[in-house]
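Colleague: The structure follows.
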Amino acid sequence: MTGPDTLAPRAPLPMQTGACGSVAAALVAGEVAFAGSGPGDPELLTLKVARALLQADVILFDRLVSDEIMALAGPQAVLEDVGKEGFGPQVSQEEICARMVAHARMGKKVLRLKSGDPTVYGRLDEELTACEEAGIAYQILPGITAASAAVASIGQSLTQRGRNASVRFLTGHDMKGFADHDWAALARPGEVAAIYMGKKSARFVQGRLIMHGADRATPMTIVENASRANQRVIETTLERLPTDLAAAELTGPALTFLGLAPRASAQALTDLKLELA
């Protein structure tokens, strides 16, 4: 019997389908799955992406996908490194799209594997357009983006009541060089931003923010290799950002937070892990 204070059983939800009607839980021959591998820790991989790695015939993967995650690929998978490095070696976007479409037309189960989440600075739109123009069906399997993993590692939140009701995801540089943004808005007290690909643009970002009135003591935090065993956290300020970044000699992927400093407890835990490593 169901009374006013009891809940009736729910009917099961219908199976969700991906773009063009493909079932999102499995790869399909002749289609492309765009997947996010997360920040690098294989335990942060979604179950859907883990299944896709096992099922794929061809995996086109980016440079920042970790070795631990690539080790989860099925034995039948052909692995193709199509990574790009900022201001470094490149596989052209045209070639990536051409390979992806060619494999799908051959009836392969194609996995286009990107680090983080494919919808955040993953050049996803260009590759979706290539599929659409070629008549190739696709699905999108999201992943944990670097900002979520990095902010968790410093014991902070991207938004906080009374501090910031919004957060900005920025890129340090784009196809034309250093990227421009609404610096006047970013320079206001209490603003928080996650800056992707910001190592080489640190001095540019610093100059633009100070020029628009930002406090030189604004906290800045750089997280290198977020979620991975070799993660490093550099705590600094806007005034010291380029100097401290250069001194750290970072070699891995790094994300810079404007307006956030690590909590003391989170920093202590990081230090302890480094001592035990």
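Ordering of the structure tokens sets the chain letters (A, B, ...), residue numbers begin anew at 1 in every chain, and ligands are numbered from 1 in the order given.
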Taking the DSSP secondary structure from the backbone, can you list the residues of range 27-273 of chain A that are strand (DSSP E), as a count of residues only?
Modeller: 51
Colleague: For a quick check of understanding, using only C-alpha atoms, which of A:Gly74, A:Ala98, A:Ala146, A:Asp62 has the smallest distance to Gly38 in chain A?
Modeller: A:Ala146
Colleague: Please determine, counting only C-alpha atoms, which residue among A:Ala217, A:Leu260, A:Ala137, A:Leu209 has the shortest atom-to-atom distance to Val167 in chain A.
Modeller: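 Smallest separation from Val167 in chain A among the options: A:Leu260.
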Colleague: May I have a table of the residues of range 26-73 of chain A lying at most 12 Å from range 232-252 of chain A, giving each one's closest pair of atoms and their distance in Å to one decimal, counting only C-alpha atoms, ordered by chain and ascending residue number, as a tab-separated table?
Modeller:
residue	atom	partner	partner_atom	distance
A:Pro39	CA	A:Gly252	CA	11.7
A:Gly40	CA	A:Gly252	CA	11.4
A:Arg63	CA	A:Gly252	CA	10.9
A:Leu64	CA	A:Gly252	CA	8.7
A:Val65	CA	A:Gly252	CA	11.6
A:Ser66	CA	A:Gly252	CA	11.1
Colleague: Based on the backbone DSSP call, show me all residues of range 110-158 of chain A assigned helix (DSSP H, G or I), as a PyMOL selection string.
Modeller: chain A and resi 124-134+146-153
Colleague: When you count only C-alpha atoms, which of these residues is closest to His173 in chain A: A:Phe204, A:Phe257, A:Tyr138, A:Phe61?
Modeller: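 When distances to His173 in chain A are compared using only C-alpha atoms, the smallest one comes from A:Phe204.
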Colleague: Using only C-alpha atoms, which of A:Val151, A:Met211, A:Val205, A:Ala104 sits nearest Ala261 in chain A?
Modeller: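 Going through A:Val151, A:Met211, A:Val205, A:Ala104 one by one, the smallest distance to Ala261 in chain A is for A:Val151.
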Colleague: Could you check the closest approach to Glu31 in chain A for each of A:Glu132, A:Glu68, A:Glu126, A:Glu95 and tell me which residue wins, using only C-alpha atoms?
Modeller: A:Glu132
Colleague: Please provide as a PyMOL selection string all residues within 10 Å of Asp41 in chain A, with the sequence filter that same-chain residues fewer than 5 positions apart are discarded (counting only C-alpha atoms).
Modeller: chain A and resi 65-69+149+225-229
Colleague: Could those residues be written to a file, using N, CA, C and O atoms, as a PDB file, in the first residue's frame?
Modeller:
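The result, written out as selection.pdb:
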ATOM      1  N   VAL A  65      47.565  11.711 -22.488  1.00  0.00           N
ATOM      2  CA  VAL A  65      46.933  10.521 -21.920  1.00  0.00           C
ATOM      3  C   VAL A  65      48.023   9.697 -21.242  1.00  0.00           C
ATOM      4  O   VAL A  65      49.062   9.403 -21.840  1.00  0.00           O
ATOM      5  N   SER A  66      47.813   9.303 -19.992  1.00  0.00           N
ATOM      6  CA  SER A  66      48.872   8.639 -19.230  1.00  0.00           C
ATOM      7  C   SER A  66      49.133   7.215 -19.720  1.00  0.00           C
ATOM      8  O   SER A  66      48.245   6.557 -20.277  1.00  0.00           O
ATOM      9  N   ASP A  67      50.353   6.747 -19.489  1.00  0.00           N
ATOM     10  CA  ASP A  67      50.734   5.386 -19.873  1.00  0.00           C
ATOM     11  C   ASP A  67      49.875   4.349 -19.149  1.00  0.00           C
ATOM     12  O   ASP A  67      49.561   3.293 -19.704  1.00  0.00           O
ATOM     13  N   GLU A  68      49.514   4.643 -17.885  1.00  0.00           N
ATOM     14  CA  GLU A  68      48.707   3.704 -17.122  1.00  0.00           C
ATOM     15  C   GLU A  68      47.341   3.496 -17.757  1.00  0.00           C
ATOM     16  O   GLU A  68      46.789   2.389 -17.729  1.00  0.00           O
ATOM     17  N   ILE A  69      46.797   4.541 -18.343  1.00  0.00           N
ATOM     18  CA  ILE A  69      45.493   4.414 -19.004  1.00  0.00           C
ATOM     19  C   ILE A  69      45.649   3.726 -20.355  1.00  0.00           C
ATOM     20  O   ILE A  69      44.834   2.862 -20.723  1.00  0.00           O
ATOM     21  N   ALA A 149      40.288  17.814 -10.979  1.00  0.00           N
ATOM     22  CA  ALA A 149      41.281  17.014 -10.257  1.00  0.00           C
ATOM     23  C   ALA A 149      42.283  17.905  -9.542  1.00  0.00           C
ATOM     24  O   ALA A 149      42.670  17.630  -8.393  1.00  0.00           O
ATOM     25  N   ASN A 225      50.901  17.776 -13.235  1.00  0.00           N
ATOM     26  CA  ASN A 225      50.551  16.343 -13.231  1.00  0.00           C
ATOM     27  C   ASN A 225      49.439  16.028 -12.224  1.00  0.00           C
ATOM     28  O   ASN A 225      49.548  15.108 -11.410  1.00  0.00           O
ATOM     29  N   ALA A 226      48.368  16.786 -12.287  1.00  0.00           N
ATOM     30  CA  ALA A 226      47.266  16.620 -11.337  1.00  0.00           C
ATOM     31  C   ALA A 226      46.782  15.179 -11.310  1.00  0.00           C
ATOM     32  O   ALA A 226      46.591  14.558 -12.359  1.00  0.00           O
ATOM     33  N   SER A 227      46.624  14.640 -10.106  1.00  0.00           N
ATOM     34  CA  SER A 227      46.102  13.299  -9.807  1.00  0.00           C
ATOM     35  C   SER A 227      47.116  12.181 -10.009  1.00  0.00           C
ATOM     36  O   SER A 227      46.826  11.031  -9.665  1.00  0.00           O
ATOM     37  N   ARG A 228      48.279  12.468 -10.556  1.00  0.00           N
ATOM     38  CA  ARG A 228      49.259  11.425 -10.847  1.00  0.00           C
ATOM     39  C   ARG A 228      50.241  11.273  -9.686  1.00  0.00           C
ATOM     40  O   ARG A 228      50.335  12.121  -8.799  1.00  0.00           O
ATOM     41  N   ALA A 229      51.002  10.193  -9.710  1.00  0.00           N
ATOM     42  CA  ALA A 229      51.945   9.917  -8.620  1.00  0.00           C
ATOM     43  C   ALA A 229      53.001  11.012  -8.492  1.00  0.00           C
ATOM     44  O   ALA A 229      53.512  11.270  -7.399  1.00  0.00           O
TER      45      ALA A 229
END
Colleague: Which value, in Å to one decimal, gives the distance between CA of Ser37 in chain A and CA of Thr119 in chain A?
Modeller: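 Distance reported for this atom pair: 11.9 Å.
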Colleague: Excluding range 42-57 of chain A and its own-chain neighbours fewer than 3 positions away, which residues fall within 8 Å of it when counting only C-alpha atoms? Please give them as a PyMOL selection string.
Modeller: chain A and resi 25-27+35-39+68-69+72-78+108-111+141+143-144
Colleague: Hey, can you check how far CA of Tyr196 in chain A sits from CA of Thr171 in chain A?
Modeller: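 If I compute the distance from CA of Tyr196 in chain A to CA of Thr171 in chain A, I get 4.8 Å.
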Colleague: Measuring atom to atom with only C-alpha atoms, identify which of A:Ala165, A:Cys97, A:Met106, A:Ile59 is nearest to Leu124 in chain A.
Modeller: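 Looking at the shortest contact to Leu124 in chain A, the residue is A:Cys97.
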Colleague: Using only C-alpha atoms, which residues sit within 10 Å of Pro262 in chain A once same-chain residues fewer than 2 positions away are excluded, as a list in words?
Modeller: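 Close residues of Pro262 in chain A: Val151, Ala152, Ser153, Ile154, Gly155, Gln156, Pro219, Met220, Thr221, Ile222, Val233, Ile234, Glu235, Thr236, Leu260, Ala264, Ser265, Ala266, Gln267 and Ala268 of chain A.
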Colleague: Find the distance between CA of Val91 in chain A and CA of Ala33 in chain A and write it in Å to one decimal.
Modeller: 19.5 Å
Colleague: List the neighbours of Gly135 in chain A out to 10 Å using only C-alpha atoms; skip same-chain residues closer than 4 positions along the sequence, and give me the result as a VMD selection string.
Modeller: chain A and resid 31 101 105 129 to 131
Colleague: Produce a file of the selected residues containing N, CA, C and O atoms, as an mmCIF file, in the first residue's frame.
Modeller:
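Contents of the output file part12.cif:
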data_model
loop_
_atom_site.group_PDB
_atom_site.id
_atom_site.type_symbol
_atom_site.label_atom_id
_atom_site.label_comp_id
_atom_site.auth_asym_id
_atom_site.auth_seq_id
_atom_site.Cartn_x
_atom_site.Cartn_y
_atom_site.Cartn_z
ATOM 1 N N GLU A 31 31.831 3.662 -36.400
ATOM 2 C CA GLU A 31 31.549 4.901 -35.688
ATOM 3 C C GLU A 31 32.781 5.360 -34.905
ATOM 4 O O GLU A 31 33.737 4.608 -34.735
ATOM 5 N N VAL A 101 38.345 9.467 -39.834
ATOM 6 C CA VAL A 101 37.293 9.173 -40.821
ATOM 7 C C VAL A 101 37.653 7.926 -41.626
ATOM 8 O O VAL A 101 36.805 7.062 -41.878
ATOM 9 N N ARG A 105 35.409 4.517 -41.884
ATOM 10 C CA ARG A 105 34.889 4.056 -43.178
ATOM 11 C C ARG A 105 35.288 2.614 -43.476
ATOM 12 O O ARG A 105 34.613 1.924 -44.235
ATOM 13 N N THR A 129 32.739 17.980 -36.606
ATOM 14 C CA THR A 129 32.383 18.482 -37.937
ATOM 15 C C THR A 129 32.909 17.553 -39.022
ATOM 16 O O THR A 129 32.218 17.277 -40.007
ATOM 17 N N ALA A 130 34.140 17.044 -38.835
ATOM 18 C CA ALA A 130 34.713 16.114 -39.810
ATOM 19 C C ALA A 130 33.857 14.861 -39.919
ATOM 20 O O ALA A 130 33.624 14.339 -41.019
ATOM 21 N N CYS A 131 33.379 14.356 -38.778
ATOM 22 C CA CYS A 131 32.499 13.177 -38.801
ATOM 23 C C CYS A 131 31.187 13.488 -39.515
ATOM 24 O O CYS A 131 30.707 12.701 -40.339
#
